[in-house]
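These notes concern the structure reproduced below.
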Amino acid sequence: DTTVLFVYIDDYEDMLIRHGPNKTLQWVNELQVHFDSVVAHSQSSVLKLQSFLNFYLVVAGVHKTAAQADDDEPLPHAQQCVKAAITMLNSAQRVKTPGGKPSTLKVGLCSGMLCAGNIGKASPRFSIFGDTVNTASRMASTTPPSSGISMTIQLTESTARLLPPSFLETFSQGGFSLIPRASKTPIKGKGLMQTYLLTTSP
């Protein structure tokens, strides 16, 4: 099993219309450089897969390093992605939009099976595929945007059940709590799903 983390940069299209491609590109680049730094400083099994325009894709649990090769225990991939997501949300607050406001993100996670491989012959690209990837994207697109006032990550049930209370307690001092979403969320291609919010909102 793996955990997939999707990050959507909120208001991307609005910034493009209001401020033009040059300022928007500088803004997106600054955000994604922050995200790259988060991944680089996280545990080594967190892997950046793709970034394009307004989204950033990360996966954890797809490989082990030499130091981890003799470890028979499954990697805590869901925990690693949650840590990375919260750090990304915090780092985004330091990046101003072209309009001078703090950047907002929409973040979603899903845990499960996937497949991976190189696609194409000319400039081949390593990609991941499967329902886990699609659902993580839907988690991000349907979650409330996170800003400096409140931060929220939407999780599938498969991810939420991989987060033990002892792990969640480490983020409670930052105001985060894990709660089931009040009503089931309509997810394209999936119907209504019970999802969970790791949020600082009351």
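Labeling convention for the structure tokens: chains A, B, ... as they appear, residues from 1 per chain, ligands from 1 in order of appearance.
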- Using backbone DSSP assignments, extract all strand (DSSP E) residues from stretch 9-171 of chain A; output them as a VMD selection string. chain A and resid 9 46 to 52 55 to 60 105 to 112 115 to 119 125 to 129 152 to 155
File of the preceding selection, N, CA and C atoms, as an mmCIF file, in the first residue's frame:
```
data_model
loop_
_atom_site.group_PDB
_atom_site.id
_atom_site.type_symbol
_atom_site.label_atom_id
_atom_site.label_comp_id
_atom_site.auth_asym_id
_atom_site.auth_seq_id
_atom_site.Cartn_x
_atom_site.Cartn_y
_atom_site.Cartn_z
ATOM 1 N N ILE A 9 -2.930 24.433 -5.974
ATOM 2 C CA ILE A 9 -2.719 25.841 -5.651
ATOM 3 C C ILE A 9 -4.008 26.585 -5.969
ATOM 4 N N VAL A 46 9.318 9.565 0.907
ATOM 5 C CA VAL A 46 8.392 10.531 0.323
ATOM 6 C C VAL A 46 8.990 10.993 -0.991
ATOM 7 N N LEU A 47 8.239 10.813 -2.059
ATOM 8 C CA LEU A 47 8.773 11.036 -3.400
ATOM 9 C C LEU A 47 7.888 11.984 -4.191
ATOM 10 N N LYS A 48 8.484 13.037 -4.735
ATOM 11 C CA LYS A 48 7.765 13.916 -5.654
ATOM 12 C C LYS A 48 7.639 13.207 -6.993
ATOM 13 N N LEU A 49 6.409 13.123 -7.487
ATOM 14 C CA LEU A 49 6.167 12.470 -8.764
ATOM 15 C C LEU A 49 5.997 13.449 -9.907
ATOM 16 N N GLN A 50 5.263 14.523 -9.648
ATOM 17 C CA GLN A 50 4.927 15.424 -10.742
ATOM 18 C C GLN A 50 4.478 16.774 -10.207
ATOM 19 N N SER A 51 4.785 17.816 -10.941
ATOM 20 C CA SER A 51 4.208 19.137 -10.683
ATOM 21 C C SER A 51 3.918 19.772 -12.033
ATOM 22 N N PHE A 52 2.771 20.435 -12.120
ATOM 23 C CA PHE A 52 2.382 21.041 -13.389
ATOM 24 C C PHE A 52 1.354 22.131 -13.118
ATOM 25 N N PHE A 55 -0.801 22.121 -9.711
ATOM 26 C CA PHE A 55 -0.850 20.968 -8.811
ATOM 27 C C PHE A 55 0.532 20.384 -8.569
ATOM 28 N N TYR A 56 0.621 19.662 -7.451
ATOM 29 C CA TYR A 56 1.870 19.048 -7.000
ATOM 30 C C TYR A 56 1.509 17.669 -6.464
ATOM 31 N N LEU A 57 2.198 16.644 -6.935
ATOM 32 C CA LEU A 57 1.847 15.258 -6.628
ATOM 33 C C LEU A 57 3.002 14.563 -5.914
ATOM 34 N N VAL A 58 2.689 13.970 -4.760
ATOM 35 C CA VAL A 58 3.673 13.278 -3.931
ATOM 36 C C VAL A 58 3.139 11.891 -3.601
ATOM 37 N N VAL A 59 4.031 10.917 -3.490
ATOM 38 C CA VAL A 59 3.633 9.576 -3.059
ATOM 39 C C VAL A 59 4.634 9.079 -2.030
ATOM 40 N N ALA A 60 4.161 8.313 -1.071
ATOM 41 C CA ALA A 60 5.031 7.709 -0.054
ATOM 42 C C ALA A 60 4.723 6.222 0.042
ATOM 43 N N LEU A 105 -4.040 26.756 -0.334
ATOM 44 C CA LEU A 105 -3.885 25.450 -0.967
ATOM 45 C C LEU A 105 -5.106 24.586 -0.697
ATOM 46 N N LYS A 106 -5.303 23.595 -1.559
ATOM 47 C CA LYS A 106 -6.306 22.564 -1.337
ATOM 48 C C LYS A 106 -5.565 21.224 -1.360
ATOM 49 N N VAL A 107 -5.657 20.487 -0.245
ATOM 50 C CA VAL A 107 -4.811 19.314 -0.045
ATOM 51 C C VAL A 107 -5.667 18.087 0.227
ATOM 52 N N GLY A 108 -5.326 16.972 -0.431
ATOM 53 C CA GLY A 108 -6.053 15.723 -0.235
ATOM 54 C C GLY A 108 -5.135 14.520 -0.243
ATOM 55 N N LEU A 109 -5.512 13.483 0.527
ATOM 56 C CA LEU A 109 -4.730 12.256 0.614
ATOM 57 C C LEU A 109 -5.630 11.040 0.463
ATOM 58 N N CYS A 110 -5.048 10.003 -0.134
ATOM 59 C CA CYS A 110 -5.727 8.709 -0.215
ATOM 60 C C CYS A 110 -4.671 7.610 -0.119
ATOM 61 N N SER A 111 -4.977 6.546 0.600
ATOM 62 C CA SER A 111 -4.069 5.412 0.749
ATOM 63 C C SER A 111 -4.645 4.185 0.068
ATOM 64 N N GLY A 112 -3.766 3.412 -0.573
ATOM 65 C CA GLY A 112 -4.219 2.207 -1.244
ATOM 66 C C GLY A 112 -3.215 1.710 -2.261
ATOM 67 N N CYS A 115 -0.266 1.312 -9.400
ATOM 68 C CA CYS A 115 0.783 0.765 -10.243
ATOM 69 C C CYS A 115 1.601 1.920 -10.797
ATOM 70 N N ALA A 116 2.806 1.622 -11.240
ATOM 71 C CA ALA A 116 3.711 2.675 -11.685
ATOM 72 C C ALA A 116 4.547 2.172 -12.848
ATOM 73 N N GLY A 117 5.010 3.119 -13.658
ATOM 74 C CA GLY A 117 5.860 2.740 -14.778
ATOM 75 C C GLY A 117 6.217 3.922 -15.644
ATOM 76 N N ASN A 118 7.140 3.692 -16.568
ATOM 77 C CA ASN A 118 7.539 4.721 -17.522
ATOM 78 C C ASN A 118 6.596 4.723 -18.710
ATOM 79 N N ILE A 119 6.195 5.908 -19.138
ATOM 80 C CA ILE A 119 5.248 6.069 -20.226
ATOM 81 C C ILE A 119 5.937 6.770 -21.396
ATOM 82 N N ARG A 125 8.310 9.346 -19.153
ATOM 83 C CA ARG A 125 8.021 9.916 -17.838
ATOM 84 C C ARG A 125 7.502 8.842 -16.909
ATOM 85 N N PHE A 126 8.060 8.802 -15.715
ATOM 86 C CA PHE A 126 7.595 7.864 -14.702
ATOM 87 C C PHE A 126 6.300 8.389 -14.105
ATOM 88 N N SER A 127 5.271 7.566 -14.081
ATOM 89 C CA SER A 127 3.964 7.987 -13.597
ATOM 90 C C SER A 127 3.347 6.897 -12.730
ATOM 91 N N ILE A 128 2.354 7.290 -11.932
ATOM 92 C CA ILE A 128 1.595 6.343 -11.127
ATOM 93 C C ILE A 128 0.137 6.376 -11.568
ATOM 94 N N PHE A 129 -0.537 5.243 -11.429
ATOM 95 C CA PHE A 129 -1.898 5.099 -11.932
ATOM 96 C C PHE A 129 -2.729 4.299 -10.936
ATOM 97 N N THR A 152 -6.776 22.904 6.447
ATOM 98 C CA THR A 152 -7.560 21.679 6.354
ATOM 99 C C THR A 152 -6.961 20.745 5.317
ATOM 100 N N ILE A 153 -6.911 19.463 5.654
ATOM 101 C CA ILE A 153 -6.505 18.400 4.731
ATOM 102 C C ILE A 153 -7.639 17.387 4.706
ATOM 103 N N GLN A 154 -8.085 17.003 3.518
ATOM 104 C CA GLN A 154 -9.147 15.997 3.419
ATOM 105 C C GLN A 154 -8.535 14.624 3.167
ATOM 106 N N LEU A 155 -8.994 13.640 3.930
ATOM 107 C CA LEU A 155 -8.470 12.282 3.868
ATOM 108 C C LEU A 155 -9.587 11.290 3.555
#
```
- Item | Exercise: A:Leu178 partners within 12 Å, only C-alpha atoms, chain neighbours under 2 positions left out, as a ChimeraX atom specification | /A:82,151-157,159-161,163-165,167-169,171-172,175-176,180-181,195-202
- Message: Counting only C-alpha atoms, which residue out of A:Gln79, A:Ser37, A:Thr104, A:Asn29 sits closest to A:Ile149?
- Response: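 Checking each candidate against A:Ile149, we get A:Thr104 as the closest.
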- Message: As an exercise, work out the distance from atom CA of A:Ala92 to atom CA of A:Glu13 in Å and give it to one decimal place.
- Response: 17.5 Å
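Within 9 Å of stretch 182-189 of chain A there are Thr135, Arg138, Met139, Thr142, Ile179, Leu192, Met193, Gln194, Thr195 and Tyr196 of chain A, counting only C-alpha atoms and ignoring same-chain residues fewer than 3 positions away.
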- Query: At what distance in Å, to one decimal, does atom CA of A:Gln32 lie from atom CA of A:Ala78?
  - Reply: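 These two atoms are separated by 21.2 Å.
The smallest atom-to-atom distance between A:His41 and any of A:Thr170, A:Ser158, A:Thr87, A:Asn22, using only C-alpha atoms, is found for A:Thr87.
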- Item | In chain A, DSSP alpha helix (DSSP H) residues written as a PyMOL selection string | chain A and resi 12-41+77-92+131-141+157-160+165-172
- Message: Can you tell me which residues surround A:Val28 at a distance of at most 10 Å, considering only C-alpha atoms, apart from same-chain residues fewer than 2 positions away, and format the answer as number ranges by chain?
- Response: A: 9, 12, 23-26, 30-34, 52-55, 95, 97-98, 103
